[in-house]
Structure formats: C-alpha cells, structure tokens
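Here the structure comes first, spelled out in structure tokens, and everything after it is commentary.
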Amino acid sequence: NNNNNNNKKTSSSQQFSTSGTSVNSHVGCHLEPTNSHVSFLVVGDSGRMGTHNQTEVANAMAMCADNLRPNFIVHTGDIFYPAGLRDDVNKRNSDFAASFTVPYNHDSLQVPWWCVLGNHDYGDGCGDSVKGEFKLDKCPERGEGRSPLNTLSKDLRRRDKRFFVERNYDVRVSADVHIFFMDTNPLIDEYKLEAWGEADVVRGGLRSSETPTPRFILNKLQSELQQSNARWKIVVAHHPMYSNGKHGEFKELQQLLLDILIDNNVAMWFNGHDHDLQHFAIDRSTKTLVTHDDATNRDRTDTSSTLLHSFTSGAGSKTGRGFPGKLKSVYQMDLPGFMSVKVRDDTASVSLFDYMGAHLHTHDLKRPAER
C-alpha cells in the first residue's frame with residue numbers, strides 16, 4: 001500500500017497558507033497574469049443547510065475564489081441531503097436556499113455552478129434497502145415525497161441563476177477545455193434493488209421511464225467524447241471508479257468507463273460520493289494505479305501525460321469516515337474541503353484545500369498525447 005495518508009490538520013489559519021505562503025501567491029488560488037487559462041473550483045456532497053462544516057467549506061472556497069476568480073464551479077453531486085428536495089414547493093424552495101443559495105452567497109462565488117445528481121438527490125436516505133418496503137422514518141417529516149425531478153426543476157434556476165443541473169450534458173468552456181457531466185446512478189449495481197429506485201415511490205427515480213438507461217448514458221458519453229476536438233477533456237460524475245473511502249471503489253464503473261475515457265483522451269475525472277478528498281493516477285496502458293512518487297515523476301518528466309487522473313471531491317460538509325481501502329493513491333485526506341483547478345495550454349494544476357483554507361496537496365499534470 002503506497003497511500004500518501006495524512007489525517008491530521010495541517011493548519012488552523014483562517015488564511016490559505018502553505019509553508020508560510022499567503023493565498024495571494026499560492027499556486028492553487030493565484031490568478032494568472034493573462035486570461036488564456038480556465039480555472040474552476042470543485043466541491044461535492046455538501047447540501048446540509050449550512051451544517052457539518054458546509055458553511056466553513058463555503059467560506060474557504062470564497063477566500064480562494066477572491067484571488068483565483070474562477071470561471072465556474074463544479075458540484076459532484078449529493079447537492080441536497082438527506083434525500084433530495086421535497087415535493088412541497090414552499091419547503092423545496094426553503095431547502096434550496098438553506099443548502100445552496102445562503103451558504104454560497106459570497107460575491108466571489110457568483111459564477112455558474114454546474115452540478116450532477118448524486119444518489120441522495122435521487123431519494124436515497126428516505127428508505128430502507130428492502131425492495132417494496134419503503135419507509136420514511138429517516139426523513140425529517142414522515143410521509144413527505146421527494147424526487148430528483150425537484151432538483152432538476154427549471155424553477156430553481158429562476159430562483160438562483162447560478163444553479164444548473166441535468167442528468168447528462170456537456171459544456172465547452174473554451175476552445176481547449178470541454179467538460180462532460182454524467183449521471184452514474186443508473187450504472188450502480190447495488191442500486192438496482194433499492195426501494196428508493198422504484199418509479200411509484202420516487203417520481204423520476206432510477207427505474208422511471210424518463211431516467212436514461214445505462215446504454216444511453218454510455219453511448220452518449222462515448223459519442224460526445226469522440227466528436228470533441230478539445231485538447232483537454234474532463235468528465236464529472238458522482239460515483240468514484242477508485243476510492244479508499246467508506247463506499248470504496250466501483251468496479252462496474254471501471255469496467256464500463258475506463259476504456260471509453262482512455263481511448264478518448266480524457267485527462268481528468270472528478271467525482272464525489274465518498275466524503276473526503278482523494279487523488280488517484282491510472283496508467284493509460286496497463287490500467288493500473290500508480291504511486292504518488294511515480295505519478296509525480298511521470299508528470300514532471302514526460303512530454304505528455306501517460307496517466308488518467310481521478311479526483312474525489314466529496315468533502316463539502318460531513319466527513320470523518322476514514323480510509324478502510326488499501327488502493328494505491330497519490331493523496332488522500334479525511335477532512336472537509338474542496339479543490340481548485342487551473343488549465344492552461346498543455347498543463348493543468350489541481351490543488352486540494354481543507355475547510356480552514358489550509359493547502360493540502362497540489363499536482364501539476366500534462367495533457368494526454370493525441371491518439
């Protein structure tokens with residue numbers, strides 16, 4: 001096991017700092033002197049009405065954004081706990097404000113937020129795991145309906161113009177950078193027997209007719225990746241291919257997606273689901289994980305990247321689950337936090353920060369060679 005573990009807090013400072021360097025000069029939150037780059041923040045698994053360190057993470061994101069001035073923010077899913085937004089319109093609007101608009105009301109965070117659906121946005125959290133025995137005992141008020149269609153409602157964007165979520169979509173953010181957002185919930189084997197997946201229990205749920213099938217999702221992703229001529233291709237989803245967190249790796253995603261991602265020159269994959277910050281590097285030829293030192297050396301010396309980088313950013317609020325997994329990782333930290341990303345020409349930089357603004361990890365990578 002070659003994990004780079006550090007589960008102790010590195011700084012209690014309210015400023016972004018690393019080895020005494022202030023946020024204004026730190027690579028992760030420093031604006032380039034030209035506008036030829038794309039920068040953004042990544043956060044996930046956050047929506048807890050400002051509790052469980054959600055507000056603290058939001059404040060740290062705002063401090064970073066004050067200097068970085070991100071073009072947009074990516075959310076990796078589980079936007080609204082415990083089980084998505086409620087059917088009652090007044091309660092839905094109240095929950096939306098408490099878990100999104102209010103925590104992220106800083107001036108520097110008033111940019112587009114591009115989100116994907118997590119399992120909790122689908123209704124997970126309101127029922128037990130026995131098909132046909134749906135119970136709402138875990139919900140704040142028994143008997144309240146919840147649905148991903150509430151989170152997908154266009155009305156939310158009218159309430160807060162920053163907020164955008166669909167099941168599967170893509171955004172060409174610049175001539176060089178193309179981001180693909182996908183719904184991995186229908187691809188997860190263990191969800192196929194969950195009570196909250198039933199169409200008559202959760203409107204628009206996993207087994208509803210309006211929910212795209214796994215084949216549709218995979219074909220759409222592959223087709224759009226093939227058609228894109230962007231130099232940088234990035235995929236965002238909720239579930240991890242690789243993880244040492246509580247939920248662990250999803251081997252079905254590795255089997256379904258690795259070839260598509262590698263064959264189509266995807267440089268980075270971002271996910272949430274496990275409530276932590278993790279970084280994995282996959283060898284493009286062998287499809288095996290490499291160590292921290294190997295990834296660092298390769299991206300420093302290779303002309304173009306021979307690695308697919310996978311990042312878990314699911315630490316937007318509640319954390320503390322540890323790392324029971326033993327996969328090789330480049331870095332992992334069990335603290336609330338987020339990531340910043342900068343892409344410019346042939347290089348990119350991904351930095352990880354905790355909820356107090358302390359810098360944890362930065363990795364500089366090169367884009368893959370064209371295939």
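By order of appearance in the structure tokens: chains A, B, ..., then residues from 1 within every chain, and ligands from 1 in the order shown.
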
| message | So that I can check the secondary structure, give me every residue of stretch 168-325 of chain A assigned alpha helix (DSSP H) by backbone DSSP, as number ranges by chain. | response | A: 214-227, 251-263, 292-301

| task | DSSP on the backbone, then: every residue of stretch 165-278 of chain A marked strand (DSSP E), written as a PyMOL selection string. | result | chain A and resi 165+169-172+177-181+232-236+266-271+277-278

Mind dumping the selected residues with N, CA, C and O atoms as a PDB file, in the first residue's frame?
ATOM      1  N   VAL A 165     -28.306  21.995 -13.331  1.00  0.00           N
ATOM      2  CA  VAL A 165     -28.106  20.551 -13.246  1.00  0.00           C
ATOM      3  C   VAL A 165     -29.014  19.864 -14.260  1.00  0.00           C
ATOM      4  O   VAL A 165     -30.167  20.264 -14.455  1.00  0.00           O
ATOM      5  N   TYR A 169     -24.965  16.015 -19.624  1.00  0.00           N
ATOM      6  CA  TYR A 169     -24.782  17.171 -20.501  1.00  0.00           C
ATOM      7  C   TYR A 169     -23.294  17.481 -20.609  1.00  0.00           C
ATOM      8  O   TYR A 169     -22.458  16.863 -19.926  1.00  0.00           O
ATOM      9  N   ASP A 170     -22.952  18.414 -21.485  1.00  0.00           N
ATOM     10  CA  ASP A 170     -21.557  18.804 -21.635  1.00  0.00           C
ATOM     11  C   ASP A 170     -21.468  20.303 -21.848  1.00  0.00           C
ATOM     12  O   ASP A 170     -22.432  20.929 -22.311  1.00  0.00           O
ATOM     13  N   VAL A 171     -20.317  20.866 -21.483  1.00  0.00           N
ATOM     14  CA  VAL A 171     -20.088  22.301 -21.622  1.00  0.00           C
ATOM     15  C   VAL A 171     -18.711  22.517 -22.228  1.00  0.00           C
ATOM     16  O   VAL A 171     -17.705  22.066 -21.670  1.00  0.00           O
ATOM     17  N   ARG A 172     -18.658  23.175 -23.365  1.00  0.00           N
ATOM     18  CA  ARG A 172     -17.380  23.557 -23.974  1.00  0.00           C
ATOM     19  C   ARG A 172     -17.018  24.911 -23.365  1.00  0.00           C
ATOM     20  O   ARG A 172     -17.492  25.959 -23.817  1.00  0.00           O
ATOM     21  N   VAL A 177     -10.930  23.461 -23.636  1.00  0.00           N
ATOM     22  CA  VAL A 177     -11.443  22.710 -22.482  1.00  0.00           C
ATOM     23  C   VAL A 177     -12.905  22.336 -22.698  1.00  0.00           C
ATOM     24  O   VAL A 177     -13.755  23.206 -22.920  1.00  0.00           O
ATOM     25  N   HIS A 178     -13.197  21.055 -22.604  1.00  0.00           N
ATOM     26  CA  HIS A 178     -14.547  20.515 -22.780  1.00  0.00           C
ATOM     27  C   HIS A 178     -14.846  19.615 -21.584  1.00  0.00           C
ATOM     28  O   HIS A 178     -14.094  18.675 -21.303  1.00  0.00           O
ATOM     29  N   ILE A 179     -15.941  19.890 -20.870  1.00  0.00           N
ATOM     30  CA  ILE A 179     -16.298  19.130 -19.670  1.00  0.00           C
ATOM     31  C   ILE A 179     -17.602  18.372 -19.918  1.00  0.00           C
ATOM     32  O   ILE A 179     -18.587  18.936 -20.414  1.00  0.00           O
ATOM     33  N   PHE A 180     -17.601  17.100 -19.531  1.00  0.00           N
ATOM     34  CA  PHE A 180     -18.738  16.207 -19.736  1.00  0.00           C
ATOM     35  C   PHE A 180     -19.279  15.778 -18.366  1.00  0.00           C
ATOM     36  O   PHE A 180     -18.539  15.222 -17.553  1.00  0.00           O
ATOM     37  N   PHE A 181     -20.558  16.047 -18.159  1.00  0.00           N
ATOM     38  CA  PHE A 181     -21.208  15.750 -16.884  1.00  0.00           C
ATOM     39  C   PHE A 181     -22.132  14.550 -17.094  1.00  0.00           C
ATOM     40  O   PHE A 181     -22.980  14.562 -17.986  1.00  0.00           O
ATOM     41  N   TRP A 232      -8.268  19.459 -23.939  1.00  0.00           N
ATOM     42  CA  TRP A 232      -8.488  18.978 -22.574  1.00  0.00           C
ATOM     43  C   TRP A 232      -9.923  18.492 -22.449  1.00  0.00           C
ATOM     44  O   TRP A 232     -10.865  19.261 -22.625  1.00  0.00           O
ATOM     45  N   LYS A 233     -10.090  17.206 -22.121  1.00  0.00           N
ATOM     46  CA  LYS A 233     -11.411  16.632 -21.881  1.00  0.00           C
ATOM     47  C   LYS A 233     -11.470  16.192 -20.415  1.00  0.00           C
ATOM     48  O   LYS A 233     -10.576  15.492 -19.922  1.00  0.00           O
ATOM     49  N   ILE A 234     -12.528  16.608 -19.749  1.00  0.00           N
ATOM     50  CA  ILE A 234     -12.712  16.349 -18.322  1.00  0.00           C
ATOM     51  C   ILE A 234     -14.103  15.757 -18.125  1.00  0.00           C
ATOM     52  O   ILE A 234     -15.076  16.238 -18.726  1.00  0.00           O
ATOM     53  N   VAL A 235     -14.219  14.717 -17.305  1.00  0.00           N
ATOM     54  CA  VAL A 235     -15.519  14.095 -17.025  1.00  0.00           C
ATOM     55  C   VAL A 235     -15.835  14.256 -15.543  1.00  0.00           C
ATOM     56  O   VAL A 235     -14.961  14.045 -14.678  1.00  0.00           O
ATOM     57  N   VAL A 236     -17.084  14.621 -15.260  1.00  0.00           N
ATOM     58  CA  VAL A 236     -17.561  14.812 -13.893  1.00  0.00           C
ATOM     59  C   VAL A 236     -18.723  13.871 -13.641  1.00  0.00           C
ATOM     60  O   VAL A 236     -19.650  13.773 -14.461  1.00  0.00           O
ATOM     61  N   VAL A 266      -9.365  11.448 -22.293  1.00  0.00           N
ATOM     62  CA  VAL A 266      -9.803  12.203 -21.117  1.00  0.00           C
ATOM     63  C   VAL A 266      -8.612  12.369 -20.182  1.00  0.00           C
ATOM     64  O   VAL A 266      -7.896  11.407 -19.884  1.00  0.00           O
ATOM     65  N   ALA A 267      -8.397  13.593 -19.723  1.00  0.00           N
ATOM     66  CA  ALA A 267      -7.253  13.887 -18.859  1.00  0.00           C
ATOM     67  C   ALA A 267      -7.585  13.724 -17.385  1.00  0.00           C
ATOM     68  O   ALA A 267      -6.756  13.231 -16.602  1.00  0.00           O
ATOM     69  N   MET A 268      -8.807  14.171 -16.999  1.00  0.00           N
ATOM     70  CA  MET A 268      -9.175  14.173 -15.580  1.00  0.00           C
ATOM     71  C   MET A 268     -10.616  13.709 -15.391  1.00  0.00           C
ATOM     72  O   MET A 268     -11.487  14.010 -16.213  1.00  0.00           O
ATOM     73  N   TRP A 269     -10.830  12.999 -14.304  1.00  0.00           N
ATOM     74  CA  TRP A 269     -12.149  12.542 -13.866  1.00  0.00           C
ATOM     75  C   TRP A 269     -12.359  13.077 -12.456  1.00  0.00           C
ATOM     76  O   TRP A 269     -11.497  12.945 -11.591  1.00  0.00           O
ATOM     77  N   PHE A 270     -13.523  13.695 -12.205  1.00  0.00           N
ATOM     78  CA  PHE A 270     -13.861  14.195 -10.872  1.00  0.00           C
ATOM     79  C   PHE A 270     -15.149  13.537 -10.402  1.00  0.00           C
ATOM     80  O   PHE A 270     -16.109  13.405 -11.177  1.00  0.00           O
ATOM     81  N   ASN A 271     -15.176  13.109  -9.145  1.00  0.00           N
ATOM     82  CA  ASN A 271     -16.367  12.507  -8.558  1.00  0.00           C
ATOM     83  C   ASN A 271     -16.516  12.927  -7.102  1.00  0.00           C
ATOM     84  O   ASN A 271     -15.634  13.564  -6.526  1.00  0.00           O
ATOM     85  N   LEU A 277     -11.296  13.807   0.380  1.00  0.00           N
ATOM     86  CA  LEU A 277     -10.533  14.291  -0.770  1.00  0.00           C
ATOM     87  C   LEU A 277      -9.514  13.233  -1.138  1.00  0.00           C
ATOM     88  O   LEU A 277      -8.718  12.813  -0.293  1.00  0.00           O
ATOM     89  N   GLN A 278      -9.531  12.771  -2.400  1.00  0.00           N
ATOM     90  CA  GLN A 278      -8.610  11.726  -2.835  1.00  0.00           C
ATOM     91  C   GLN A 278      -8.105  12.023  -4.252  1.00  0.00           C
ATOM     92  O   GLN A 278      -8.782  12.684  -5.031  1.00  0.00           O
TER      93      GLN A 278
END

So which residues touch stretch 203-214 of chain A within 9 Å, counting only C-alpha atoms, skipping near sequence neighbours fewer than 2 positions away, as a PyMOL selection string? chain A and resi 122-123+145-149+167-168+183-187+191-192+196-201+216-219

Please write the residues from the selection above to a file, keeping N, CA and C atoms, as a PDB file, in the first residue's frame.
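Printed below is result.pdb as written:
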ATOM      1  N   TYR A 122     -31.467  11.543  -5.664  1.00  0.00           N
ATOM      2  CA  TYR A 122     -32.439  10.612  -6.241  1.00  0.00           C
ATOM      3  C   TYR A 122     -33.438  10.076  -5.210  1.00  0.00           C
ATOM      4  N   GLY A 123     -33.243  10.395  -3.948  1.00  0.00           N
ATOM      5  CA  GLY A 123     -34.153   9.904  -2.918  1.00  0.00           C
ATOM      6  C   GLY A 123     -33.528   8.952  -1.934  1.00  0.00           C
ATOM      7  N   GLY A 145     -42.957  13.385   0.139  1.00  0.00           N
ATOM      8  CA  GLY A 145     -42.409  12.917  -1.121  1.00  0.00           C
ATOM      9  C   GLY A 145     -41.166  13.681  -1.515  1.00  0.00           C
ATOM     10  N   ARG A 146     -40.234  12.979  -2.154  1.00  0.00           N
ATOM     11  CA  ARG A 146     -39.011  13.588  -2.662  1.00  0.00           C
ATOM     12  C   ARG A 146     -38.740  13.009  -4.041  1.00  0.00           C
ATOM     13  N   SER A 147     -38.029  13.763  -4.859  1.00  0.00           N
ATOM     14  CA  SER A 147     -37.824  13.319  -6.227  1.00  0.00           C
ATOM     15  C   SER A 147     -36.657  14.053  -6.855  1.00  0.00           C
ATOM     16  N   PRO A 148     -35.884  13.359  -7.721  1.00  0.00           N
ATOM     17  CA  PRO A 148     -34.849  14.075  -8.475  1.00  0.00           C
ATOM     18  C   PRO A 148     -35.437  15.120  -9.410  1.00  0.00           C
ATOM     19  N   LEU A 149     -36.710  14.947  -9.780  1.00  0.00           N
ATOM     20  CA  LEU A 149     -37.347  15.930 -10.648  1.00  0.00           C
ATOM     21  C   LEU A 149     -37.446  17.286  -9.964  1.00  0.00           C
ATOM     22  N   ARG A 167     -29.289  15.564 -16.106  1.00  0.00           N
ATOM     23  CA  ARG A 167     -28.777  14.217 -15.858  1.00  0.00           C
ATOM     24  C   ARG A 167     -27.463  13.990 -16.607  1.00  0.00           C
ATOM     25  N   ASN A 168     -27.410  14.356 -17.876  1.00  0.00           N
ATOM     26  CA  ASN A 168     -26.212  14.161 -18.702  1.00  0.00           C
ATOM     27  C   ASN A 168     -26.100  15.334 -19.664  1.00  0.00           C
ATOM     28  N   ASP A 183     -24.556  11.190 -15.325  1.00  0.00           N
ATOM     29  CA  ASP A 183     -25.311  10.620 -14.209  1.00  0.00           C
ATOM     30  C   ASP A 183     -24.905   9.153 -14.066  1.00  0.00           C
ATOM     31  N   THR A 184     -24.159   8.833 -13.018  1.00  0.00           N
ATOM     32  CA  THR A 184     -23.715   7.449 -12.817  1.00  0.00           C
ATOM     33  C   THR A 184     -24.682   6.619 -11.983  1.00  0.00           C
ATOM     34  N   ASN A 185     -25.714   7.230 -11.431  1.00  0.00           N
ATOM     35  CA  ASN A 185     -26.632   6.474 -10.577  1.00  0.00           C
ATOM     36  C   ASN A 185     -27.228   5.248 -11.263  1.00  0.00           C
ATOM     37  N   PRO A 186     -27.684   5.354 -12.527  1.00  0.00           N
ATOM     38  CA  PRO A 186     -28.245   4.166 -13.188  1.00  0.00           C
ATOM     39  C   PRO A 186     -27.213   3.079 -13.489  1.00  0.00           C
ATOM     40  N   LEU A 187     -25.933   3.380 -13.324  1.00  0.00           N
ATOM     41  CA  LEU A 187     -24.882   2.403 -13.626  1.00  0.00           C
ATOM     42  C   LEU A 187     -24.472   1.571 -12.417  1.00  0.00           C
ATOM     43  N   TYR A 191     -27.745  -0.398  -6.565  1.00  0.00           N
ATOM     44  CA  TYR A 191     -28.958   0.417  -6.503  1.00  0.00           C
ATOM     45  C   TYR A 191     -30.149  -0.274  -7.164  1.00  0.00           C
ATOM     46  N   LYS A 192     -29.903  -1.344  -7.883  1.00  0.00           N
ATOM     47  CA  LYS A 192     -30.975  -1.967  -8.656  1.00  0.00           C
ATOM     48  C   LYS A 192     -32.053  -2.599  -7.779  1.00  0.00           C
ATOM     49  N   TRP A 196     -35.845   2.981  -2.952  1.00  0.00           N
ATOM     50  CA  TRP A 196     -35.993   4.356  -3.439  1.00  0.00           C
ATOM     51  C   TRP A 196     -35.809   4.459  -4.955  1.00  0.00           C
ATOM     52  N   GLY A 197     -35.444   3.372  -5.605  1.00  0.00           N
ATOM     53  CA  GLY A 197     -35.344   3.385  -7.066  1.00  0.00           C
ATOM     54  C   GLY A 197     -36.653   3.125  -7.771  1.00  0.00           C
ATOM     55  N   GLU A 198     -37.678   2.698  -7.039  1.00  0.00           N
ATOM     56  CA  GLU A 198     -38.959   2.355  -7.657  1.00  0.00           C
ATOM     57  C   GLU A 198     -39.676   3.602  -8.172  1.00  0.00           C
ATOM     58  N   ALA A 199     -40.192   3.501  -9.385  1.00  0.00           N
ATOM     59  CA  ALA A 199     -40.845   4.652 -10.007  1.00  0.00           C
ATOM     60  C   ALA A 199     -42.100   5.077  -9.248  1.00  0.00           C
ATOM     61  N   ASP A 200     -42.804   4.140  -8.625  1.00  0.00           N
ATOM     62  CA  ASP A 200     -44.027   4.502  -7.922  1.00  0.00           C
ATOM     63  C   ASP A 200     -43.732   5.008  -6.513  1.00  0.00           C
ATOM     64  N   VAL A 201     -42.474   4.996  -6.115  1.00  0.00           N
ATOM     65  CA  VAL A 201     -42.075   5.510  -4.806  1.00  0.00           C
ATOM     66  C   VAL A 201     -41.408   6.873  -4.942  1.00  0.00           C
ATOM     67  N   PHE A 216     -27.840   4.168 -22.878  1.00  0.00           N
ATOM     68  CA  PHE A 216     -27.960   5.526 -23.402  1.00  0.00           C
ATOM     69  C   PHE A 216     -26.860   6.417 -22.836  1.00  0.00           C
ATOM     70  N   ILE A 217     -26.641   6.326 -21.536  1.00  0.00           N
ATOM     71  CA  ILE A 217     -25.642   7.174 -20.876  1.00  0.00           C
ATOM     72  C   ILE A 217     -24.249   6.916 -21.439  1.00  0.00           C
ATOM     73  N   LEU A 218     -23.886   5.643 -21.572  1.00  0.00           N
ATOM     74  CA  LEU A 218     -22.555   5.292 -22.057  1.00  0.00           C
ATOM     75  C   LEU A 218     -22.375   5.657 -23.526  1.00  0.00           C
ATOM     76  N   ASN A 219     -23.395   5.397 -24.335  1.00  0.00           N
ATOM     77  CA  ASN A 219     -23.305   5.741 -25.754  1.00  0.00           C
ATOM     78  C   ASN A 219     -23.204   7.249 -25.966  1.00  0.00           C
TER      79      ASN A 219
END

* Of the residues A:Ser317, A:Ser228, A:Ser310, A:Thr347, which is the one nearest to A:His52, using only C-alpha atoms? ->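 Distance minimum relative to A:His52 lands on A:Ser317.
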
### Query
Which of these residues is nearest to A:Tyr355, using only C-alpha atoms: A:Lys318, A:His279, A:Lys220, A:His247?
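Between A:Lys318, A:His279, A:Lys220, A:His247, the residue approaching A:Tyr355 most closely is A:Lys318.
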
| With only C-alpha atoms as the atoms that count, which of A:Leu289, A:Phe100, A:Arg159, A:Leu308 lies nearest to A:Asp259? |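 Nearest to A:Asp259: A:Leu308.
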
(message) Would you pick out the contacts of A:Glu252 at 9 Å or less, using only C-alpha atoms, so that residues sharing its chain but fewer than 6 positions from it are not included, and give the list as a ChimeraX atom specification?
(response) /A:187-189,241

For this session: Would you mind listing what lies within 6 Å of A:Phe280 as a list in words, with only C-alpha atoms counted and same-chain residues fewer than 6 positions away left out?
Result: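 The residues that qualify are His309, Ser310, Ser329 and Val330 of chain A.
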
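Among the candidates A:Lys342, A:His361, A:Arg321, A:Arg86, the one nearest to A:Gly245 when counting only C-alpha atoms is A:Arg321.
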
Which is closest to A:Asn53 among A:Ser99, A:Arg367, A:Ser153, A:Asp121, if we use only C-alpha atoms?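 Smallest distance to A:Asn53 is found for A:Ser99.
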
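The space separating atom CA of A:Asp88 from atom CA of A:Asn150 comes to 9.5 Å.
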
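Across A:Gly84, A:Gly77, A:Pro368, A:Gly322, the tightest approach to A:Trp113 is made by A:Gly77 when counting only C-alpha atoms.
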
Skip A:Leu109 itself and residues of its chain fewer than 5 positions away, then list as a ChimeraX atom specification all residues within 10 Å of it, counting only C-alpha atoms.
/A:41,58-59,61-66,69-73,104,162

field: Computed interatomic separation between atom CA of A:Asn67 and atom CA of A:Asp364 (Å)
entry: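 Interatomic distance here is 19.2 Å.
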
| said: Neighbouring residues of A:Ala369 were defined as those with any atom within 10 Å, considering only C-alpha atoms; residues of the same chain fewer than 5 positions away were excluded. Please report them as a PyMOL selection string. | reply: chain A and resi 231+265+267+303-306+346

Put those residues in a file: all heavy atoms, as a short mmCIF file (atom, residue, chain, number, x, y, z; two decimals), in the first residue's frame.
data_model
loop_
_atom_site.label_atom_id
_atom_site.label_comp_id
_atom_site.auth_asym_id
_atom_site.auth_seq_id
_atom_site.Cartn_x
_atom_site.Cartn_y
_atom_site.Cartn_z
N ARG A 231 -8.55 20.00 -26.59
CA ARG A 231 -7.26 19.46 -26.14
C ARG A 231 -7.36 18.90 -24.73
O ARG A 231 -6.60 18.01 -24.37
CB ARG A 231 -6.20 20.57 -26.21
CG ARG A 231 -6.04 21.18 -27.59
CD ARG A 231 -5.11 22.36 -27.57
NE ARG A 231 -3.71 21.95 -27.45
CZ ARG A 231 -2.74 22.76 -27.03
NH1 ARG A 231 -3.01 23.99 -26.67
NH2 ARG A 231 -1.50 22.32 -26.97
N ASN A 265 -8.95 10.11 -24.76
CA ASN A 265 -8.02 11.14 -24.29
C ASN A 265 -8.53 12.01 -23.14
O ASN A 265 -8.18 13.19 -23.06
CB ASN A 265 -7.60 12.06 -25.43
CG ASN A 265 -6.29 11.64 -26.04
OD1 ASN A 265 -5.89 10.49 -25.93
ND2 ASN A 265 -5.59 12.57 -26.66
N ALA A 267 -8.40 13.59 -19.72
CA ALA A 267 -7.25 13.89 -18.86
C ALA A 267 -7.59 13.72 -17.39
O ALA A 267 -6.76 13.23 -16.60
CB ALA A 267 -6.76 15.31 -19.12
N THR A 303 6.77 14.13 -21.79
CA THR A 303 6.35 15.20 -22.69
C THR A 303 4.84 15.38 -22.66
O THR A 303 4.32 16.50 -22.66
CB THR A 303 6.81 14.91 -24.12
OG1 THR A 303 8.22 14.72 -24.13
CG2 THR A 303 6.44 16.05 -25.06
N SER A 304 4.11 14.27 -22.63
CA SER A 304 2.66 14.28 -22.48
C SER A 304 2.29 13.23 -21.44
O SER A 304 3.05 12.30 -21.18
CB SER A 304 1.97 14.00 -23.81
OG SER A 304 2.41 12.76 -24.34
N SER A 305 1.11 13.38 -20.86
CA SER A 305 0.74 12.53 -19.74
C SER A 305 0.44 11.10 -20.17
O SER A 305 -0.29 10.86 -21.14
CB SER A 305 -0.47 13.10 -19.01
OG SER A 305 -0.83 12.27 -17.92
N THR A 306 1.00 10.15 -19.44
CA THR A 306 0.68 8.73 -19.64
C THR A 306 -0.31 8.25 -18.59
O THR A 306 -0.52 7.06 -18.43
CB THR A 306 1.97 7.89 -19.55
OG1 THR A 306 2.59 8.11 -18.27
CG2 THR A 306 2.95 8.27 -20.65
N ASP A 346 -0.77 23.35 -22.32
CA ASP A 346 -0.55 21.91 -22.23
C ASP A 346 -0.42 21.42 -20.79
O ASP A 346 -0.08 20.26 -20.57
CB ASP A 346 0.72 21.52 -22.99
CG ASP A 346 0.55 21.70 -24.50
OD1 ASP A 346 -0.60 21.58 -24.98
OD2 ASP A 346 1.54 21.97 -25.18
#
